[in-house]
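Dropping final39.pdb in here (PDB, C-alpha atoms):
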ATOM      1  CA  MET A  79     161.269 259.091  74.808  1.00  0.00           C
ATOM      2  CA  ILE A  80     159.427 258.190  71.606  1.00  0.00           C
ATOM      3  CA  PHE A  81     161.422 254.956  71.221  1.00  0.00           C
ATOM      4  CA  LYS A  82     160.758 254.145  74.870  1.00  0.00           C
ATOM      5  CA  ASN A  83     156.991 254.544  74.363  1.00  0.00           C
ATOM      6  CA  ILE A  84     157.096 252.376  71.228  1.00  0.00           C
ATOM      7  CA  PHE A  85     159.120 249.689  73.044  1.00  0.00           C
ATOM      8  CA  THR A  86     156.750 249.793  76.027  1.00  0.00           C
ATOM      9  CA  ASN A  87     153.725 249.558  73.720  1.00  0.00           C
ATOM     10  CA  TYR A  88     155.156 246.561  71.863  1.00  0.00           C
ATOM     11  CA  ASN A  89     156.207 244.961  75.142  1.00  0.00           C
ATOM     12  CA  VAL A  90     152.648 245.226  76.492  1.00  0.00           C
ATOM     13  CA  GLN A  91     151.220 243.851  73.236  1.00  0.00           C
ATOM     14  CA  PHE A  92     153.703 240.967  73.310  1.00  0.00           C
ATOM     15  CA  GLN A  93     152.843 240.190  76.927  1.00  0.00           C
ATOM     16  CA  ASN A  94     149.171 240.079  75.996  1.00  0.00           C
ATOM     17  CA  PHE A  95     149.785 238.055  72.818  1.00  0.00           C
ATOM     18  CA  PHE A  96     152.312 235.534  74.172  1.00  0.00           C
ATOM     19  CA  PRO A  97     149.852 233.549  76.352  1.00  0.00           C
ATOM     20  CA  LYS A  98     147.488 233.295  73.389  1.00  0.00           C
ATOM     21  CA  LEU A  99     150.348 232.138  71.145  1.00  0.00           C
ATOM     22  CA  LEU A 100     151.364 229.536  73.722  1.00  0.00           C
ATOM     23  CA  VAL A 101     147.786 228.249  73.971  1.00  0.00           C
ATOM     24  CA  ALA A 102     147.519 228.155  70.169  1.00  0.00           C
ATOM     25  CA  ILE A 103     150.712 226.077  69.918  1.00  0.00           C
ATOM     26  CA  LEU A 104     149.462 223.686  72.605  1.00  0.00           C
ATOM     27  CA  VAL A 105     146.069 223.386  70.878  1.00  0.00           C
ATOM     28  CA  LEU A 106     147.839 222.658  67.588  1.00  0.00           C
ATOM     29  CA  ILE A 107     150.192 220.022  69.050  1.00  0.00           C
ATOM     30  CA  ILE A 108     147.642 218.270  71.256  1.00  0.00           C
ATOM     31  CA  GLY A 109     144.844 218.606  68.707  1.00  0.00           C
ATOM     32  CA  TRP A 110     147.055 217.232  65.922  1.00  0.00           C
ATOM     33  CA  TRP A 111     147.862 214.209  68.083  1.00  0.00           C
ATOM     34  CA  PHE A 112     144.212 213.669  69.033  1.00  0.00           C
ATOM     35  CA  ALA A 113     143.164 214.017  65.370  1.00  0.00           C
ATOM     36  CA  GLY A 114     145.489 211.171  64.365  1.00  0.00           C
ATOM     37  CA  LYS A 115     144.393 209.108  67.393  1.00  0.00           C
ATOM     38  CA  PHE A 116     140.700 209.673  66.701  1.00  0.00           C
ATOM     39  CA  ALA A 117     141.150 208.725  63.044  1.00  0.00           C
ATOM     40  CA  LYS A 118     142.835 205.468  64.161  1.00  0.00           C
ATOM     41  CA  ILE A 119     139.972 204.699  66.568  1.00  0.00           C
ATOM     42  CA  ILE A 120     137.415 205.143  63.794  1.00  0.00           C
ATOM     43  CA  ASN A 121     139.619 203.054  61.493  1.00  0.00           C
ATOM     44  CA  LYS A 122     139.724 200.196  64.033  1.00  0.00           C
ATOM     45  CA  ALA A 123     135.967 200.430  64.609  1.00  0.00           C
ATOM     46  CA  MET A 124     135.313 200.167  60.855  1.00  0.00           C
ATOM     47  CA  LYS A 125     137.631 197.147  60.590  1.00  0.00           C
ATOM     48  CA  LYS A 126     135.859 195.518  63.548  1.00  0.00           C
ATOM     49  CA  ALA A 127     132.533 196.122  61.798  1.00  0.00           C
ATOM     50  CA  LYS A 128     134.038 194.306  58.757  1.00  0.00           C
ATOM     51  CA  ILE A 129     133.488 197.264  56.443  1.00  0.00           C
ATOM     52  CA  ASP A 130     135.097 196.963  53.005  1.00  0.00           C
ATOM     53  CA  GLY A 131     138.832 197.787  53.068  1.00  0.00           C
ATOM     54  CA  GLY A 132     138.485 200.305  50.230  1.00  0.00           C
ATOM     55  CA  ILE A 133     135.873 202.294  52.147  1.00  0.00           C
ATOM     56  CA  ILE A 134     138.083 202.216  55.259  1.00  0.00           C
ATOM     57  CA  SER A 135     141.203 203.571  53.514  1.00  0.00           C
ATOM     58  CA  PHE A 136     139.167 206.164  51.564  1.00  0.00           C
ATOM     59  CA  SER A 137     137.302 207.383  54.678  1.00  0.00           C
ATOM     60  CA  ASN A 138     140.490 207.431  56.734  1.00  0.00           C
ATOM     61  CA  SER A 139     142.269 209.729  54.268  1.00  0.00           C
ATOM     62  CA  ILE A 140     139.296 212.154  54.264  1.00  0.00           C
ATOM     63  CA  LEU A 141     138.917 212.128  58.062  1.00  0.00           C
ATOM     64  CA  LYS A 142     142.596 212.951  58.607  1.00  0.00           C
ATOM     65  CA  VAL A 143     142.288 216.043  56.408  1.00  0.00           C
ATOM     66  CA  LEU A 144     139.042 217.223  58.072  1.00  0.00           C
ATOM     67  CA  PHE A 145     140.256 216.633  61.649  1.00  0.00           C
ATOM     68  CA  ARG A 146     143.557 218.432  61.069  1.00  0.00           C
ATOM     69  CA  LEU A 147     141.825 221.343  59.323  1.00  0.00           C
ATOM     70  CA  PHE A 148     139.540 221.665  62.371  1.00  0.00           C
ATOM     71  CA  VAL A 149     142.589 221.660  64.694  1.00  0.00           C
ATOM     72  CA  ILE A 150     144.293 224.416  62.661  1.00  0.00           C
ATOM     73  CA  LEU A 151     141.139 226.588  62.774  1.00  0.00           C
ATOM     74  CA  ALA A 152     140.794 225.973  66.527  1.00  0.00           C
ATOM     75  CA  ALA A 153     144.422 227.014  67.087  1.00  0.00           C
ATOM     76  CA  VAL A 154     143.972 230.155  64.988  1.00  0.00           C
ATOM     77  CA  SER A 155     140.770 231.093  66.852  1.00  0.00           C
ATOM     78  CA  THR A 156     142.671 231.105  70.196  1.00  0.00           C
ATOM     79  CA  LEU A 157     144.759 233.968  68.809  1.00  0.00           C
ATOM     80  CA  GLY A 158     141.596 236.058  68.576  1.00  0.00           C
ATOM     81  CA  VAL A 159     141.314 235.770  64.805  1.00  0.00           C
ATOM     82  CA  ASN A 160     137.807 235.724  63.314  1.00  0.00           C
ATOM     83  CA  VAL A 161     137.537 232.117  62.080  1.00  0.00           C
ATOM     84  CA  THR A 162     134.297 232.831  60.179  1.00  0.00           C
ATOM     85  CA  SER A 163     136.061 235.274  57.871  1.00  0.00           C
ATOM     86  CA  ILE A 164     138.886 232.751  57.372  1.00  0.00           C
ATOM     87  CA  ILE A 165     136.391 230.043  56.381  1.00  0.00           C
ATOM     88  CA  ALA A 166     134.728 232.437  53.925  1.00  0.00           C
ATOM     89  CA  THR A 167     138.123 233.369  52.482  1.00  0.00           C
ATOM     90  CA  LEU A 168     139.135 229.705  52.253  1.00  0.00           C
ATOM     91  CA  GLY A 169     135.862 228.896  50.504  1.00  0.00           C
ATOM     92  CA  ALA A 170     136.556 231.516  47.837  1.00  0.00           C
ATOM     93  CA  ALA A 171     140.153 230.326  47.570  1.00  0.00           C
ATOM     94  CA  PHE A 172     139.053 226.701  47.176  1.00  0.00           C
ATOM     95  CA  VAL A 173     136.815 227.662  44.259  1.00  0.00           C
ATOM     96  CA  THR A 174     139.752 229.365  42.532  1.00  0.00           C
ATOM     97  CA  ILE A 175     142.130 226.531  43.370  1.00  0.00           C
ATOM     98  CA  GLY A 176     139.518 223.998  42.269  1.00  0.00           C
ATOM     99  CA  ILE A 177     139.416 225.499  38.787  1.00  0.00           C
ATOM    100  CA  ALA A 178     143.204 225.364  38.589  1.00  0.00           C
ATOM    101  CA  LEU A 179     143.360 221.834  40.014  1.00  0.00           C
ATOM    102  CA  LYS A 180     140.486 220.291  38.053  1.00  0.00           C
ATOM    103  CA  ASP A 181     142.512 217.116  37.434  1.00  0.00           C
ATOM    104  CA  SER A 182     142.973 216.614  41.180  1.00  0.00           C
ATOM    105  CA  LEU A 183     139.262 217.165  41.799  1.00  0.00           C
ATOM    106  CA  SER A 184     138.574 214.655  39.032  1.00  0.00           C
ATOM    107  CA  ASN A 185     140.610 212.123  40.995  1.00  0.00           C
ATOM    108  CA  VAL A 186     138.593 212.875  44.145  1.00  0.00           C
ATOM    109  CA  ALA A 187     135.304 212.460  42.247  1.00  0.00           C
ATOM    110  CA  SER A 188     136.573 209.230  40.674  1.00  0.00           C
ATOM    111  CA  GLY A 189     137.601 207.925  44.093  1.00  0.00           C
ATOM    112  CA  THR A 190     134.052 208.570  45.334  1.00  0.00           C
ATOM    113  CA  VAL A 191     132.627 206.711  42.314  1.00  0.00           C
ATOM    114  CA  ILE A 192     134.936 203.743  43.007  1.00  0.00           C
ATOM    115  CA  ILE A 193     133.852 203.577  46.657  1.00  0.00           C
ATOM    116  CA  ILE A 194     130.131 203.792  45.783  1.00  0.00           C
ATOM    117  CA  ASN A 195     130.058 201.453  42.761  1.00  0.00           C
ATOM    118  CA  LYS A 196     132.768 199.028  44.001  1.00  0.00           C
ATOM    119  CA  PRO A 197     134.196 197.904  40.627  1.00  0.00           C
ATOM    120  CA  PHE A 198     137.036 196.510  42.717  1.00  0.00           C
ATOM    121  CA  ARG A 199     137.973 196.116  46.383  1.00  0.00           C
ATOM    122  CA  VAL A 200     141.143 196.011  48.465  1.00  0.00           C
ATOM    123  CA  GLY A 201     142.796 192.647  47.753  1.00  0.00           C
ATOM    124  CA  ASP A 202     141.522 192.342  44.157  1.00  0.00           C
ATOM    125  CA  TYR A 203     144.024 191.726  41.359  1.00  0.00           C
ATOM    126  CA  LEU A 204     143.626 194.248  38.518  1.00  0.00           C
ATOM    127  CA  GLU A 205     144.968 194.358  34.979  1.00  0.00           C
ATOM    128  CA  LEU A 206     145.117 197.796  33.332  1.00  0.00           C
ATOM    129  CA  ALA A 207     146.225 198.620  29.797  1.00  0.00           C
ATOM    130  CA  GLU A 208     149.926 198.127  30.567  1.00  0.00           C
ATOM    131  CA  LEU A 209     149.969 197.547  34.332  1.00  0.00           C
ATOM    132  CA  SER A 210     148.755 194.990  36.846  1.00  0.00           C
ATOM    133  CA  GLY A 211     148.766 194.450  40.602  1.00  0.00           C
ATOM    134  CA  THR A 212     146.826 193.743  43.793  1.00  0.00           C
ATOM    135  CA  VAL A 213     144.824 196.633  45.295  1.00  0.00           C
ATOM    136  CA  LYS A 214     146.479 197.701  48.567  1.00  0.00           C
ATOM    137  CA  SER A 215     144.440 200.839  49.353  1.00  0.00           C
ATOM    138  CA  ILE A 216     141.894 203.239  47.831  1.00  0.00           C
ATOM    139  CA  GLU A 217     142.408 206.855  48.929  1.00  0.00           C
ATOM    140  CA  ILE A 218     141.016 210.290  48.050  1.00  0.00           C
ATOM    141  CA  MET A 219     143.105 210.929  44.929  1.00  0.00           C
ATOM    142  CA  PHE A 220     144.807 207.672  44.068  1.00  0.00           C
ATOM    143  CA  THR A 221     144.703 203.887  44.424  1.00  0.00           C
ATOM    144  CA  THR A 222     147.798 201.901  45.414  1.00  0.00           C
ATOM    145  CA  LEU A 223     148.518 198.561  43.743  1.00  0.00           C
ATOM    146  CA  VAL A 224     151.257 196.083  44.614  1.00  0.00           C
ATOM    147  CA  THR A 225     152.785 194.464  41.529  1.00  0.00           C
ATOM    148  CA  PRO A 226     153.677 190.737  41.419  1.00  0.00           C
ATOM    149  CA  ASP A 227     157.349 191.659  41.972  1.00  0.00           C
ATOM    150  CA  ASN A 228     156.342 193.608  45.144  1.00  0.00           C
ATOM    151  CA  ARG A 229     156.574 197.174  43.833  1.00  0.00           C
ATOM    152  CA  GLU A 230     153.998 199.816  44.805  1.00  0.00           C
ATOM    153  CA  LEU A 231     152.098 201.282  41.882  1.00  0.00           C
ATOM    154  CA  ILE A 232     150.299 204.613  42.508  1.00  0.00           C
ATOM    155  CA  VAL A 233     147.429 205.039  40.036  1.00  0.00           C
ATOM    156  CA  PRO A 234     145.309 208.253  39.835  1.00  0.00           C
ATOM    157  CA  ASN A 235     141.655 207.391  40.501  1.00  0.00           C
ATOM    158  CA  SER A 236     140.543 209.141  37.311  1.00  0.00           C
ATOM    159  CA  LYS A 237     142.600 206.664  35.271  1.00  0.00           C
ATOM    160  CA  LEU A 238     140.715 203.771  36.862  1.00  0.00           C
ATOM    161  CA  THR A 239     137.314 205.198  35.927  1.00  0.00           C
ATOM    162  CA  SER A 240     138.145 206.589  32.473  1.00  0.00           C
ATOM    163  CA  GLU A 241     139.927 203.509  31.070  1.00  0.00           C
ATOM    164  CA  TYR A 242     139.039 199.846  31.043  1.00  0.00           C
ATOM    165  CA  ILE A 243     140.322 197.598  33.832  1.00  0.00           C
ATOM    166  CA  ILE A 244     140.163 193.811  34.184  1.00  0.00           C
ATOM    167  CA  ASN A 245     139.283 192.617  37.685  1.00  0.00           C
ATOM    168  CA  CYS A 246     140.801 189.132  37.851  1.00  0.00           C
ATOM    169  CA  SER A 247     139.384 188.543  41.353  1.00  0.00           C
ATOM    170  CA  LYS A 248     135.742 189.419  40.676  1.00  0.00           C
ATOM    171  CA  GLN A 249     134.794 185.884  39.623  1.00  0.00           C
ATOM    172  CA  LYS A 250     135.564 182.848  41.769  1.00  0.00           C
ATOM    173  CA  ASN A 251     136.801 180.706  38.855  1.00  0.00           C
ATOM    174  CA  ARG A 252     139.155 181.596  35.996  1.00  0.00           C
ATOM    175  CA  ARG A 253     139.941 179.942  32.692  1.00  0.00           C
ATOM    176  CA  LEU A 254     143.567 179.289  31.836  1.00  0.00           C
ATOM    177  CA  ASP A 255     144.249 179.323  28.073  1.00  0.00           C
ATOM    178  CA  LEU A 256     147.485 177.772  26.813  1.00  0.00           C
ATOM    179  CA  VAL A 257     148.651 177.272  23.226  1.00  0.00           C
ATOM    180  CA  TYR A 258     151.018 174.505  22.074  1.00  0.00           C
ATOM    181  CA  SER A 259     152.459 174.023  18.591  1.00  0.00           C
ATOM    182  CA  ILE A 260     153.003 170.348  17.666  1.00  0.00           C
ATOM    183  CA  SER A 261     154.863 168.917  14.686  1.00  0.00           C
ATOM    184  CA  ASN A 262     152.817 167.557  11.753  1.00  0.00           C
ATOM    185  CA  PHE A 263     154.683 164.277  12.122  1.00  0.00           C
ATOM    186  CA  SER A 264     153.335 163.685  15.636  1.00  0.00           C
ATOM    187  CA  ASP A 265     150.392 161.418  16.425  1.00  0.00           C
ATOM    188  CA  LEU A 266     147.564 163.834  17.332  1.00  0.00           C
ATOM    189  CA  SER A 267     145.502 161.231  19.219  1.00  0.00           C
ATOM    190  CA  LYS A 268     148.566 160.271  21.283  1.00  0.00           C
ATOM    191  CA  ILE A 269     149.266 163.920  22.085  1.00  0.00           C
ATOM    192  CA  LYS A 270     145.680 164.529  23.185  1.00  0.00           C
ATOM    193  CA  ALA A 271     145.922 161.462  25.440  1.00  0.00           C
ATOM    194  CA  ILE A 272     149.067 162.918  27.033  1.00  0.00           C
ATOM    195  CA  PHE A 273     147.292 166.216  27.700  1.00  0.00           C
ATOM    196  CA  GLU A 274     144.243 164.431  29.115  1.00  0.00           C
ATOM    197  CA  GLY A 275     146.498 162.397  31.410  1.00  0.00           C
ATOM    198  CA  VAL A 276     148.221 165.509  32.798  1.00  0.00           C
ATOM    199  CA  ILE A 277     144.834 167.222  33.240  1.00  0.00           C
ATOM    200  CA  SER A 278     143.380 164.284  35.172  1.00  0.00           C
ATOM    201  CA  LYS A 279     146.340 164.214  37.606  1.00  0.00           C
ATOM    202  CA  ASN A 280     146.244 167.901  38.581  1.00  0.00           C
ATOM    203  CA  ASP A 281     143.777 168.559  41.422  1.00  0.00           C
ATOM    204  CA  LYS A 282     143.853 172.324  40.823  1.00  0.00           C
ATOM    205  CA  ILE A 283     141.944 171.820  37.561  1.00  0.00           C
ATOM    206  CA  LEU A 284     138.164 171.911  38.074  1.00  0.00           C
ATOM    207  CA  GLN A 285     135.931 169.192  36.654  1.00  0.00           C
ATOM    208  CA  ASN A 286     133.094 171.624  36.044  1.00  0.00           C
ATOM    209  CA  PRO A 287     133.343 173.492  33.725  1.00  0.00           C
ATOM    210  CA  SER A 288     135.208 170.748  31.896  1.00  0.00           C
ATOM    211  CA  SER A 289     138.605 171.204  30.242  1.00  0.00           C
ATOM    212  CA  LYS A 290     138.857 171.495  26.443  1.00  0.00           C
ATOM    213  CA  ILE A 291     141.605 170.425  24.023  1.00  0.00           C
ATOM    214  CA  ILE A 292     140.920 172.181  20.712  1.00  0.00           C
ATOM    215  CA  VAL A 293     142.785 172.071  17.402  1.00  0.00           C
ATOM    216  CA  ASN A 294     143.096 175.781  16.773  1.00  0.00           C
ATOM    217  CA  LYS A 295     145.209 175.760  13.566  1.00  0.00           C
ATOM    218  CA  TYR A 296     146.484 173.156  11.161  1.00  0.00           C
ATOM    219  CA  ASN A 297     148.963 174.088   8.414  1.00  0.00           C
ATOM    220  CA  SER A 298     152.283 173.117   6.847  1.00  0.00           C
ATOM    221  CA  LYS A 299     154.173 174.286   9.923  1.00  0.00           C
ATOM    222  CA  GLY A 300     152.294 172.053  12.344  1.00  0.00           C
ATOM    223  CA  VAL A 301     149.262 171.730  14.579  1.00  0.00           C
ATOM    224  CA  GLU A 302     148.321 174.407  17.101  1.00  0.00           C
ATOM    225  CA  LEU A 303     146.422 173.133  20.134  1.00  0.00           C
ATOM    226  CA  ASN A 304     144.421 175.422  22.411  1.00  0.00           C
ATOM    227  CA  ILE A 305     144.125 174.029  25.954  1.00  0.00           C
ATOM    228  CA  ARG A 306     141.377 175.528  28.122  1.00  0.00           C
ATOM    229  CA  LEU A 307     141.486 174.731  31.832  1.00  0.00           C
ATOM    230  CA  TRP A 308     139.250 175.995  34.635  1.00  0.00           C
ATOM    231  CA  CYS A 309     140.555 176.634  38.143  1.00  0.00           C
ATOM    232  CA  LEU A 310     139.999 178.783  41.222  1.00  0.00           C
ATOM    233  CA  GLY A 311     141.239 182.324  40.670  1.00  0.00           C
ATOM    234  CA  THR A 312     143.663 181.933  43.575  1.00  0.00           C
ATOM    235  CA  ASN A 313     145.313 178.943  41.834  1.00  0.00           C
ATOM    236  CA  TYR A 314     145.671 180.552  38.399  1.00  0.00           C
ATOM    237  CA  ASN A 315     149.374 181.453  38.352  1.00  0.00           C
ATOM    238  CA  GLU A 316     150.451 178.318  40.212  1.00  0.00           C
ATOM    239  CA  LEU A 317     148.487 176.066  37.838  1.00  0.00           C
ATOM    240  CA  LYS A 318     149.927 177.835  34.792  1.00  0.00           C
ATOM    241  CA  SER A 319     153.473 177.048  35.917  1.00  0.00           C
ATOM    242  CA  GLU A 320     152.714 173.488  37.075  1.00  0.00           C
ATOM    243  CA  PHE A 321     150.798 172.461  33.966  1.00  0.00           C
ATOM    244  CA  GLN A 322     153.379 173.729  31.478  1.00  0.00           C
ATOM    245  CA  GLU A 323     156.166 171.989  33.361  1.00  0.00           C
ATOM    246  CA  SER A 324     154.217 168.686  33.476  1.00  0.00           C
ATOM    247  CA  ILE A 325     153.303 168.871  29.772  1.00  0.00           C
ATOM    248  CA  GLN A 326     156.889 169.590  28.741  1.00  0.00           C
ATOM    249  CA  TYR A 327     158.097 166.585  30.741  1.00  0.00           C
ATOM    250  CA  GLU A 328     155.423 164.195  29.365  1.00  0.00           C
ATOM    251  CA  LEU A 329     155.879 165.278  25.745  1.00  0.00           C
ATOM    252  CA  GLU A 330     159.647 164.864  25.917  1.00  0.00           C
ATOM    253  CA  LYS A 331     159.289 161.492  27.665  1.00  0.00           C
ATOM    254  CA  ASN A 332     157.010 160.260  24.860  1.00  0.00           C
ATOM    255  CA  GLY A 333     159.275 161.641  22.133  1.00  0.00           C
ATOM    256  CA  VAL A 334     156.804 164.230  20.853  1.00  0.00           C
ATOM    257  CA  SER A 335     158.346 167.013  18.762  1.00  0.00           C
ATOM    258  CA  MET A 336     157.226 170.521  19.735  1.00  0.00           C
TER     259      MET A 336
END
Turn the structure described in the file into structure tokens.
Amino acid sequence: MIFKNIFTNYNVQFQNFFPKLLVAILVLIIGWWFAGKFAKIINKAMKKAKIDGGIISFSNSILKVLFRLFVILAAVSTLGVNVTSIIATLGAAFVTIGIALKDSLSNVASGTVIIINKPFRVGDYLELAELSGTVKSIEIMFTTLVTPDNRELIVPNSKLTSEYIINCSKQKNRRLDLVYSISNFSDLSKIKAIFEGVISKNDKILQNPSSKIIVNKYNSKGVELNIRLWCLGTNYNELKSEFQESIQYELEKNGVSM
């Protein structure tokens, strides 16, 4: 009799709870889908408004978290749970977790600084202490770079604000510096004429600022020439390869010893 009463009691409770559970699951599934859809709509609207790509990716990552957190709380509230007490508990938990995860919060703060100050944008080419790549996205905790050999490089945002970075895309023009060592037995005026000829034939080299051919060192081992060329930043790597190939060909053709 006792077991029958217990079973009946639990059966009644289950019958009362099951519809709520079903609604909660539906709210979670549908809400989760709508959260992703809504985030995409905002993302498209920001792109249409031509907002900076870094702001778009950063905002998108935050919105996804906020929308999905709202969906979870909405699903829990359908079960009859007091959401206010959960929020208060989560707030206290976040403070405790925040102390333990201070490095992660540092990344979030650094990401905010990057978005506000804009030291770089999506599409810029960055050089760090030992790494380099093109900025693909700027998110809450990290920035994604794509290296020249097409590998993804995930960099914590705090690293990008605590250490120096070189933004190779910030300025429209870049200077290409190349060093050549020439034998002491070579005719320096002839060599300079060869360099000037190659410079004049390459349309990627800008006329203003003008190119420079400087004798950097002169000793018993030979003459060291420093060649300074100006070009558009987008042509930098291509010009570097082209110019060195052309110089090598012209020097060999004229019998100049390197």
Counting all atoms listed in the file, which of A:Glu217, A:Asp255, A:Glu330, A:Glu230 gets nearest to Lys142 in chain A?
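The shortest atom-to-atom distance to Lys142 in chain A comes from A:Glu217.
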Near range 240-246 of chain A, within 10 Å and counting only C-alpha atoms, which residues show up once chain neighbours fewer than 2 positions away are dropped, as number ranges by chain?
A: 188, 197-199, 202-207, 209-212, 235-238, 248-252, 311-312, 314
Between CA of Ser278 in chain A and CA of Leu303 in chain A - distance in Å to one decimal:
17.7 Å
Using all atoms listed in the file, give me every residue within 10 Å of (137.6, 197.1, 47.3) in file coordinates, as a PyMOL selection string.
chain A and resi 130-135+192-193+195-202+213-216
Rounded to one decimal in Å, what is the spacing between CA of Gly109 in chain A and CA of Val149 in chain A?
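Taking CA of Gly109 in chain A and CA of Val149 in chain A, their separation equals 5.5 Å.
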Which residue of A:Cys309, A:Val301, A:Leu317, A:Ala271 approaches Ser288 in chain A most closely, using all atoms listed in the file:
A:Cys309
Step by step, work through what the PyMOL selection byres ((chain A and resi 321) around 10) selects in the shown file, and finish by giving those residues as a short mmCIF file (atom, residue, chain, number, x, y, z; two decimals) with C-alpha atoms, in the frame of the given file.
data_model
loop_
_atom_site.label_atom_id
_atom_site.label_comp_id
_atom_site.auth_asym_id
_atom_site.auth_seq_id
_atom_site.Cartn_x
_atom_site.Cartn_y
_atom_site.Cartn_z
CA LEU A 256 147.49 177.77 26.81
CA PHE A 273 147.29 166.22 27.70
CA VAL A 276 148.22 165.51 32.80
CA ILE A 277 144.83 167.22 33.24
CA ASN A 280 146.24 167.90 38.58
CA LYS A 282 143.85 172.32 40.82
CA ILE A 283 141.94 171.82 37.56
CA LEU A 307 141.49 174.73 31.83
CA GLU A 316 150.45 178.32 40.21
CA LEU A 317 148.49 176.07 37.84
CA LYS A 318 149.93 177.84 34.79
CA SER A 319 153.47 177.05 35.92
CA GLU A 320 152.71 173.49 37.08
CA GLN A 322 153.38 173.73 31.48
CA GLU A 323 156.17 171.99 33.36
CA SER A 324 154.22 168.69 33.48
CA ILE A 325 153.30 168.87 29.77
CA GLN A 326 156.89 169.59 28.74
CA TYR A 327 158.10 166.58 30.74
#
Kindly list the centre and edge lengths in Å, rounded to one decimal, for the axis-aligned box that covers all listed atoms of range 240-246 of chain A plus 6 Å on each of its six sides, as lines of an AutoDock Vina configuration file.
center_x = 139.5
center_y = 197.9
center_z = 34.4
size_x = 14.7
size_y = 29.5
size_z = 18.8
Selected residue of minimal separation from Val101 in chain A among A:Ser139, A:Ser267, A:Asn304, A:Ser155, counting only C-alpha atoms:
A:Ser155
Evaluate the PyMOL selection byres ((chain A and resi 102-107) around 9) here and jot the selected residues down as a list in words.
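This file, filtered by the PyMOL selection byres ((chain A and resi 102-107) around 9), leaves Pro97, Lys98, Leu99, Leu100, Val101, Ile108, Gly109, Trp110, Trp111, Phe112, Arg146, Val149, Ile150, Ala152, Ala153, Val154, Ser155, Thr156 and Leu157 of chain A.
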For the file shown, what are the residues hit by the PyMOL selection byres ((chain A and resi 289) around 9), laid out as a list in words?
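Selected by the PyMOL selection byres ((chain A and resi 289) around 9) here: Glu274, Ile277, Ile283, Leu284, Gln285, Asn286, Pro287, Ser288, Lys290, Ile291, Ile305, Arg306, Leu307 and Trp308 of chain A.
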At what distance in Å, to one decimal, does CA of Ser184 in chain A lie from CA of Asn138 in chain A?
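It comes out at 19.2 Å.
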Across A:Ile194, A:Tyr296, A:Glu328, A:Ala113, the smallest distance to Phe148 in chain A, with all atoms listed in the file counted, is shown by A:Ala113
So, counting only C-alpha atoms, which residue among A:Pro226, A:Ile272, A:Ile140, A:Lys126 is closest to Lys331 in chain A?
A:Ile272
Which is closest to Phe263 in chain A among A:Val186, A:Leu151, A:Val143, A:Val334, if we use only C-alpha atoms?
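Looking at the shortest contact to Phe263 in chain A, the residue is A:Val334.
The residue set within 12 Å of Ser261 in chain A, counting all atoms listed in the file and dropping same-chain residues fewer than 4 places from it, reads Asp265, Leu266, Ile269, Lys295, Tyr296, Asn297, Ser298, Lys299, Gly300, Val301, Glu302, Leu303, Leu329, Gly333, Val334, Ser335 and Met336 of chain A.
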Taking the block above, write range 97-108 of chain A with N, CA and C atoms as a JSON list (two decimals), in the first residue's frame.
[["chain", "number", "residue", "atom", "x", "y", "z"],
["A", 97, "PRO", "N", 4.86, 17.75, -19.29],
["A", 97, "PRO", "CA", 4.54, 18.81, -20.27],
["A", 97, "PRO", "C", 5.50, 19.99, -20.17],
["A", 98, "LYS", "N", 5.86, 20.35, -18.92],
["A", 98, "LYS", "CA", 6.80, 21.45, -18.74],
["A", 98, "LYS", "C", 8.18, 21.10, -19.33],
["A", 99, "LEU", "N", 8.60, 19.84, -19.10],
["A", 99, "LEU", "CA", 9.89, 19.39, -19.63],
["A", 99, "LEU", "C", 9.88, 19.42, -21.15],
["A", 100, "LEU", "N", 8.76, 18.99, -21.74],
["A", 100, "LEU", "CA", 8.62, 18.98, -23.20],
["A", 100, "LEU", "C", 8.70, 20.40, -23.75],
["A", 101, "VAL", "N", 7.99, 21.32, -23.09],
["A", 101, "VAL", "CA", 8.02, 22.73, -23.51],
["A", 101, "VAL", "C", 9.43, 23.30, -23.38],
["A", 102, "ALA", "N", 10.11, 22.95, -22.28],
["A", 102, "ALA", "CA", 11.47, 23.44, -22.05],
["A", 102, "ALA", "C", 12.42, 22.97, -23.16],
["A", 103, "ILE", "N", 12.27, 21.70, -23.55],
["A", 103, "ILE", "CA", 13.11, 21.14, -24.62],
["A", 103, "ILE", "C", 12.84, 21.85, -25.94],
["A", 104, "LEU", "N", 11.55, 22.09, -26.21],
["A", 104, "LEU", "CA", 11.17, 22.79, -27.45],
["A", 104, "LEU", "C", 11.70, 24.22, -27.45],
["A", 105, "VAL", "N", 11.57, 24.89, -26.30],
["A", 105, "VAL", "CA", 12.09, 26.27, -26.18],
["A", 105, "VAL", "C", 13.59, 26.29, -26.42],
["A", 106, "LEU", "N", 14.29, 25.28, -25.86],
["A", 106, "LEU", "CA", 15.74, 25.21, -26.01],
["A", 106, "LEU", "C", 16.14, 24.98, -27.47],
["A", 107, "ILE", "N", 15.46, 24.02, -28.12],
["A", 107, "ILE", "CA", 15.81, 23.69, -29.52],
["A", 107, "ILE", "C", 15.47, 24.84, -30.46],
["A", 108, "ILE", "N", 14.24, 25.33, -30.36],
["A", 108, "ILE", "CA", 13.80, 26.40, -31.26],
["A", 108, "ILE", "C", 14.55, 27.70, -30.95]]
